[in-house]
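K.L.:
Before we start, here is the structure in question, set down as structure tokens.
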Amino acid sequence: MSLLRPLSQRAERAERLEDCPLGVCDGSGWILDEQHNARECDCRQRRISRAAHARLGTGIPRRFRGVSFERKPICDLDPVILRHVRRFVADIDANLDGGRGLWFHGDVGTGKTSLAMLVAHAADAAGRSVGVYSVPHLLAEIRGTYDRDSTGSYLDLFSRLCTVDLLVLDDLGAEKTTEWVLEQLYSIVNERWQSSGSVLVTTNAPDPRQGTVIDQLRREIAEIKRLRQSDTRAEYLRDAAQSLERTVARLAALEALGETDPLIRLRGQLGARTVSRLVEICDDPIPIMGPDLRMAAGGA
């Protein structure tokens, strides 16, 4: 037994070494120098953070647990975008420590969430704490803390949202905009901006099939013109129609500008303060446009 014990200890030590995400300590979180003085391994604070942020958010969904640069839909994305994401992932520790993030913006089903989960995987593999939320789910969880029977307080949830190494906010802008929603999003983003916390965001481009204010105004103009043909106050109705036509022209110019710059629409939807801080954390949104890959490939 005395001969086997050292081998067993060495095997146990090798197993623990694999548990250190940095491959430095024996898994205990401490390093002994030649004088047998102990100093803290960098992985210890990461372990503490991961434990403190356990069960934060939904975690990486099962559908995305095998996501990689070599698998669809990611391998089919724009190579320029993939090079940018590869560089971010390759230097994941420095990017998270520096409070840098990413922002993917584009059409539905183009791989934005897959890219976000790929980055979340890299952070998790590096031993960092990760919180993954669809924003509607996050807002529902915040509302849940107001319930007297809730197991957690709002302040506890807010603290963990603000201190996790990487916070993923998927489908930002999908929620109905209210003053309460804007205030919640601003509070979280602002706190992470102030503390140099990394944020990863995905946002959808507006659906062109949905009606807009301009569509509504055009319908009103058509109705006025119809009434003008049968109403005795034709002169008044004609003037009103012309005034509305000029309003539509001005709004159309603003809409066209907003289509080329997603930040214009997002400022109105999320609030200028929130968007400003997200841009400083993540830089400008990375456009990911194209057909819905889920429809084209049956859920890829």
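Chain lettering (A, B, ...) mirrors the order of the structure tokens, residue numbering begins at 1 for each chain separately, and ligand numbering begins at 1 in order of display.
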When DSSP is applied to the backbone of this structure, which of stretch 44-159 of chain A are assigned strand (DSSP E)? Write them out as a list in words.

P.N.:
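Taking stretch 44-159 of chain A and keeping strand (DSSP E) gives Leu102, Trp103, Phe104, His105, Gly106, Val130, Gly131, Val132, Tyr133 and Ser134 of chain A.
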
K.L.:
Write out the residues from the selection above, keeping N, CA and C atoms, as a CSV table (one decimal), in the first residue's frame.

P.N.:
```
chain,number,residue,atom,x,y,z
A,102,LEU,N,-19.7,42.3,-27.5
A,102,LEU,CA,-20.1,42.2,-28.9
A,102,LEU,C,-21.6,42.5,-29.1
A,103,TRP,N,-22.0,43.0,-30.2
A,103,TRP,CA,-23.4,43.3,-30.5
A,103,TRP,C,-23.7,42.8,-31.9
A,104,PHE,N,-24.6,41.8,-32.0
A,104,PHE,CA,-25.0,41.2,-33.3
A,104,PHE,C,-26.4,41.8,-33.6
A,105,HIS,N,-26.5,42.3,-34.8
A,105,HIS,CA,-27.8,42.9,-35.2
A,105,HIS,C,-28.2,42.5,-36.6
A,106,GLY,N,-29.4,42.1,-36.8
A,106,GLY,CA,-29.8,41.7,-38.2
A,106,GLY,C,-31.1,41.0,-38.2
A,130,VAL,N,-21.0,33.1,-16.5
A,130,VAL,CA,-21.8,33.6,-17.6
A,130,VAL,C,-23.2,33.6,-17.2
A,131,GLY,N,-23.9,34.7,-17.6
A,131,GLY,CA,-25.4,34.7,-17.4
A,131,GLY,C,-26.0,34.9,-18.8
A,132,VAL,N,-26.9,34.0,-19.2
A,132,VAL,CA,-27.6,34.0,-20.5
A,132,VAL,C,-29.1,34.3,-20.3
A,133,TYR,N,-29.6,35.3,-21.0
A,133,TYR,CA,-31.0,35.6,-20.9
A,133,TYR,C,-31.5,36.1,-22.2
A,134,SER,N,-32.7,35.6,-22.5
A,134,SER,CA,-33.5,36.3,-23.5
A,134,SER,C,-34.1,37.5,-22.7
```

K.L.:
Quick one: residues within 8 Å of A:Asn190, only C-alpha atoms counted, chain neighbours fewer than 3 positions away excluded, as an MDAnalysis selection string?

P.N.:
chainID A and resid 186:187 193:194 274 277

K.L.:
Can you write just those residues out, C-alpha atoms, as a compact mmCIF listing (two decimals), in the first residue's frame?

P.N.:
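File result_39.txt, as written:
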```txt
# COMPACT_ATOMS: atom_id res chain seq x y z
CA TYR A 186 -30.78 51.19 -18.47
CA SER A 187 -30.07 50.32 -14.83
CA TRP A 193 -20.75 50.11 -18.09
CA GLN A 194 -19.62 51.80 -14.89
CA THR A 274 -28.81 52.64 -22.95
CA ARG A 277 -23.47 52.74 -23.19
```

K.L.:
At a cut-off of 12 Å, using only C-alpha atoms, what residues contact A:Asp284? Leave out same-chain residues fewer than 3 positions from it and give the result as an mmCIF file with N, CA and C atoms, in the first residue's frame.

P.N.:
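Output (around.cif):
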```cif
data_model
loop_
_atom_site.group_PDB
_atom_site.id
_atom_site.type_symbol
_atom_site.label_atom_id
_atom_site.label_comp_id
_atom_site.auth_asym_id
_atom_site.auth_seq_id
_atom_site.Cartn_x
_atom_site.Cartn_y
_atom_site.Cartn_z
ATOM 1 N N ARG A 100 -15.032 44.420 -22.559
ATOM 2 C CA ARG A 100 -15.428 44.533 -23.961
ATOM 3 C C ARG A 100 -16.464 43.473 -24.308
ATOM 4 N N GLY A 101 -17.388 43.820 -25.206
ATOM 5 C CA GLY A 101 -18.435 42.889 -25.595
ATOM 6 C C GLY A 101 -18.649 42.889 -27.090
ATOM 7 N N LEU A 102 -19.744 42.270 -27.513
ATOM 8 C CA LEU A 102 -20.111 42.197 -28.921
ATOM 9 C C LEU A 102 -21.600 42.477 -29.050
ATOM 10 N N TRP A 103 -21.973 42.994 -30.234
ATOM 11 C CA TRP A 103 -23.379 43.305 -30.514
ATOM 12 C C TRP A 103 -23.686 42.801 -31.911
ATOM 13 N N PHE A 104 -24.578 41.794 -32.013
ATOM 14 C CA PHE A 104 -24.995 41.242 -33.290
ATOM 15 C C PHE A 104 -26.397 41.756 -33.618
ATOM 16 N N HIS A 105 -26.540 42.349 -34.800
ATOM 17 C CA HIS A 105 -27.823 42.946 -35.192
ATOM 18 C C HIS A 105 -28.172 42.490 -36.600
ATOM 19 N N LEU A 200 -22.877 41.002 -24.070
ATOM 20 C CA LEU A 200 -23.067 40.519 -25.437
ATOM 21 C C LEU A 200 -24.541 40.650 -25.773
ATOM 22 N N VAL A 201 -24.848 41.333 -26.869
ATOM 23 C CA VAL A 201 -26.234 41.690 -27.201
ATOM 24 C C VAL A 201 -26.594 41.179 -28.592
ATOM 25 N N THR A 202 -27.823 40.704 -28.749
ATOM 26 C CA THR A 202 -28.370 40.466 -30.081
ATOM 27 C C THR A 202 -29.667 41.263 -30.217
ATOM 28 N N ASP A 261 -29.141 53.066 -40.630
ATOM 29 C CA ASP A 261 -28.460 53.165 -39.348
ATOM 30 C C ASP A 261 -29.358 52.579 -38.270
ATOM 31 N N PRO A 262 -29.127 51.305 -37.879
ATOM 32 C CA PRO A 262 -30.018 50.683 -36.889
ATOM 33 C C PRO A 262 -30.011 51.395 -35.551
ATOM 34 N N LEU A 263 -28.956 52.153 -35.262
ATOM 35 C CA LEU A 263 -28.888 52.825 -33.970
ATOM 36 C C LEU A 263 -29.988 53.869 -33.823
ATOM 37 N N LEU A 266 -32.960 51.921 -32.714
ATOM 38 C CA LEU A 266 -32.735 51.344 -31.399
ATOM 39 C C LEU A 266 -32.727 52.399 -30.302
ATOM 40 N N VAL A 275 -28.433 52.780 -25.348
ATOM 41 C CA VAL A 275 -27.724 52.488 -26.599
ATOM 42 C C VAL A 275 -26.321 53.080 -26.566
ATOM 43 N N SER A 276 -26.188 54.288 -26.039
ATOM 44 C CA SER A 276 -24.875 54.932 -25.964
ATOM 45 C C SER A 276 -23.895 54.089 -25.158
ATOM 46 N N ARG A 277 -24.350 53.554 -24.033
ATOM 47 C CA ARG A 277 -23.466 52.741 -23.193
ATOM 48 C C ARG A 277 -23.163 51.393 -23.833
ATOM 49 N N LEU A 278 -24.146 50.816 -24.503
ATOM 50 C CA LEU A 278 -23.903 49.552 -25.186
ATOM 51 C C LEU A 278 -22.878 49.706 -26.303
ATOM 52 N N VAL A 279 -22.940 50.816 -27.014
ATOM 53 C CA VAL A 279 -21.963 51.059 -28.081
ATOM 54 C C VAL A 279 -20.565 51.188 -27.503
ATOM 55 N N GLU A 280 -20.439 51.832 -26.346
ATOM 56 C CA GLU A 280 -19.123 51.967 -25.735
ATOM 57 C C GLU A 280 -18.594 50.609 -25.265
ATOM 58 N N ILE A 281 -19.484 49.743 -24.791
ATOM 59 C CA ILE A 281 -19.060 48.415 -24.349
ATOM 60 C C ILE A 281 -18.776 47.497 -25.538
ATOM 61 N N PRO A 287 -23.583 43.876 -38.359
ATOM 62 C CA PRO A 287 -24.771 43.506 -39.138
ATOM 63 C C PRO A 287 -24.692 42.068 -39.638
#
```

K.L.:
So which residues of stretch 101-156 of chain A fall under alpha helix (DSSP H) by DSSP, listed as a list of chain:residue names?

P.N.:
A:Lys112, A:Thr113, A:Ser114, A:Leu115, A:Ala116, A:Met117, A:Leu118, A:Val119, A:Ala120, A:His121, A:Ala122, A:Ala123, A:Asp124, A:Ala125, A:Val135, A:Pro136, A:His137, A:Leu138, A:Leu139, A:Ala140, A:Glu141, A:Ile142, A:Arg143, A:Gly144, A:Tyr154, A:Leu155, A:Asp156

K.L.:
Which value, in Å to one decimal, gives the distance between atom CA of A:Arg86 and atom CA of A:Phe69?

P.N.:
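According to the coordinates, atom CA of A:Arg86 and atom CA of A:Phe69 are separated by 8.4 Å.
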
K.L.:
Which residues come within 9 Å of A:Gly197, counting only C-alpha atoms, excluding same-chain residues fewer than 2 positions away, as a ChimeraX atom specification?

P.N.:
/A:96-101,162-167,189,191-195,199,281

K.L.:
Could the residues in this selection be saved with N, CA and C atoms as a PDB file, in the first residue's frame?

P.N.:
```
ATOM      1  N   LEU A  96     -12.949  40.008 -21.571  1.00  0.00           N
ATOM      2  CA  LEU A  96     -13.852  40.074 -20.420  1.00  0.00           C
ATOM      3  C   LEU A  96     -13.261  40.949 -19.322  1.00  0.00           C
ATOM      4  N   ASP A  97     -11.969  40.819 -19.083  1.00  0.00           N
ATOM      5  CA  ASP A  97     -11.330  41.652 -18.063  1.00  0.00           C
ATOM      6  C   ASP A  97     -11.382  43.129 -18.442  1.00  0.00           C
ATOM      7  N   GLY A  98     -11.344  43.403 -19.743  1.00  0.00           N
ATOM      8  CA  GLY A  98     -11.392  44.789 -20.202  1.00  0.00           C
ATOM      9  C   GLY A  98     -12.793  45.333 -20.382  1.00  0.00           C
ATOM     10  N   GLY A  99     -13.808  44.500 -20.082  1.00  0.00           N
ATOM     11  CA  GLY A  99     -15.189  44.961 -20.198  1.00  0.00           C
ATOM     12  C   GLY A  99     -15.648  45.155 -21.626  1.00  0.00           C
ATOM     13  N   ARG A 100     -15.032  44.420 -22.559  1.00  0.00           N
ATOM     14  CA  ARG A 100     -15.428  44.533 -23.961  1.00  0.00           C
ATOM     15  C   ARG A 100     -16.464  43.473 -24.308  1.00  0.00           C
ATOM     16  N   GLY A 101     -17.388  43.820 -25.206  1.00  0.00           N
ATOM     17  CA  GLY A 101     -18.435  42.889 -25.595  1.00  0.00           C
ATOM     18  C   GLY A 101     -18.649  42.889 -27.090  1.00  0.00           C
ATOM     19  N   CYS A 162     -25.033  42.359 -12.455  1.00  0.00           N
ATOM     20  CA  CYS A 162     -24.026  43.399 -12.658  1.00  0.00           C
ATOM     21  C   CYS A 162     -22.605  42.910 -12.409  1.00  0.00           C
ATOM     22  N   THR A 163     -22.446  41.741 -11.783  1.00  0.00           N
ATOM     23  CA  THR A 163     -21.100  41.273 -11.439  1.00  0.00           C
ATOM     24  C   THR A 163     -20.688  40.011 -12.178  1.00  0.00           C
ATOM     25  N   VAL A 164     -21.588  39.375 -12.918  1.00  0.00           N
ATOM     26  CA  VAL A 164     -21.215  38.201 -13.699  1.00  0.00           C
ATOM     27  C   VAL A 164     -20.188  38.618 -14.755  1.00  0.00           C
ATOM     28  N   ASP A 165     -19.247  37.717 -15.083  1.00  0.00           N
ATOM     29  CA  ASP A 165     -18.174  38.072 -16.020  1.00  0.00           C
ATOM     30  C   ASP A 165     -18.712  38.437 -17.400  1.00  0.00           C
ATOM     31  N   LEU A 166     -19.675  37.658 -17.894  1.00  0.00           N
ATOM     32  CA  LEU A 166     -20.270  37.932 -19.203  1.00  0.00           C
ATOM     33  C   LEU A 166     -21.778  37.841 -19.090  1.00  0.00           C
ATOM     34  N   LEU A 167     -22.468  38.916 -19.457  1.00  0.00           N
ATOM     35  CA  LEU A 167     -23.931  38.934 -19.474  1.00  0.00           C
ATOM     36  C   LEU A 167     -24.398  38.935 -20.922  1.00  0.00           C
ATOM     37  N   VAL A 189     -27.526  47.947 -17.822  1.00  0.00           N
ATOM     38  CA  VAL A 189     -26.453  48.303 -18.756  1.00  0.00           C
ATOM     39  C   VAL A 189     -25.563  49.389 -18.169  1.00  0.00           C
ATOM     40  N   GLU A 191     -24.947  50.048 -15.000  1.00  0.00           N
ATOM     41  CA  GLU A 191     -24.105  49.513 -13.921  1.00  0.00           C
ATOM     42  C   GLU A 191     -22.940  48.708 -14.488  1.00  0.00           C
ATOM     43  N   ARG A 192     -23.208  47.920 -15.515  1.00  0.00           N
ATOM     44  CA  ARG A 192     -22.122  47.145 -16.121  1.00  0.00           C
ATOM     45  C   ARG A 192     -21.137  48.068 -16.839  1.00  0.00           C
ATOM     46  N   TRP A 193     -21.627  49.124 -17.443  1.00  0.00           N
ATOM     47  CA  TRP A 193     -20.747  50.106 -18.091  1.00  0.00           C
ATOM     48  C   TRP A 193     -19.845  50.774 -17.056  1.00  0.00           C
ATOM     49  N   GLN A 194     -20.412  51.138 -15.924  1.00  0.00           N
ATOM     50  CA  GLN A 194     -19.623  51.800 -14.892  1.00  0.00           C
ATOM     51  C   GLN A 194     -18.574  50.873 -14.290  1.00  0.00           C
ATOM     52  N   SER A 195     -18.899  49.586 -14.178  1.00  0.00           N
ATOM     53  CA  SER A 195     -17.972  48.632 -13.562  1.00  0.00           C
ATOM     54  C   SER A 195     -17.140  47.870 -14.584  1.00  0.00           C
ATOM     55  N   VAL A 199     -20.709  42.788 -21.953  1.00  0.00           N
ATOM     56  CA  VAL A 199     -22.087  42.502 -22.354  1.00  0.00           C
ATOM     57  C   VAL A 199     -22.072  42.005 -23.796  1.00  0.00           C
ATOM     58  N   ILE A 281     -19.484  49.743 -24.791  1.00  0.00           N
ATOM     59  CA  ILE A 281     -19.060  48.415 -24.349  1.00  0.00           C
ATOM     60  C   ILE A 281     -18.776  47.497 -25.538  1.00  0.00           C
TER      61      ILE A 281
END
```
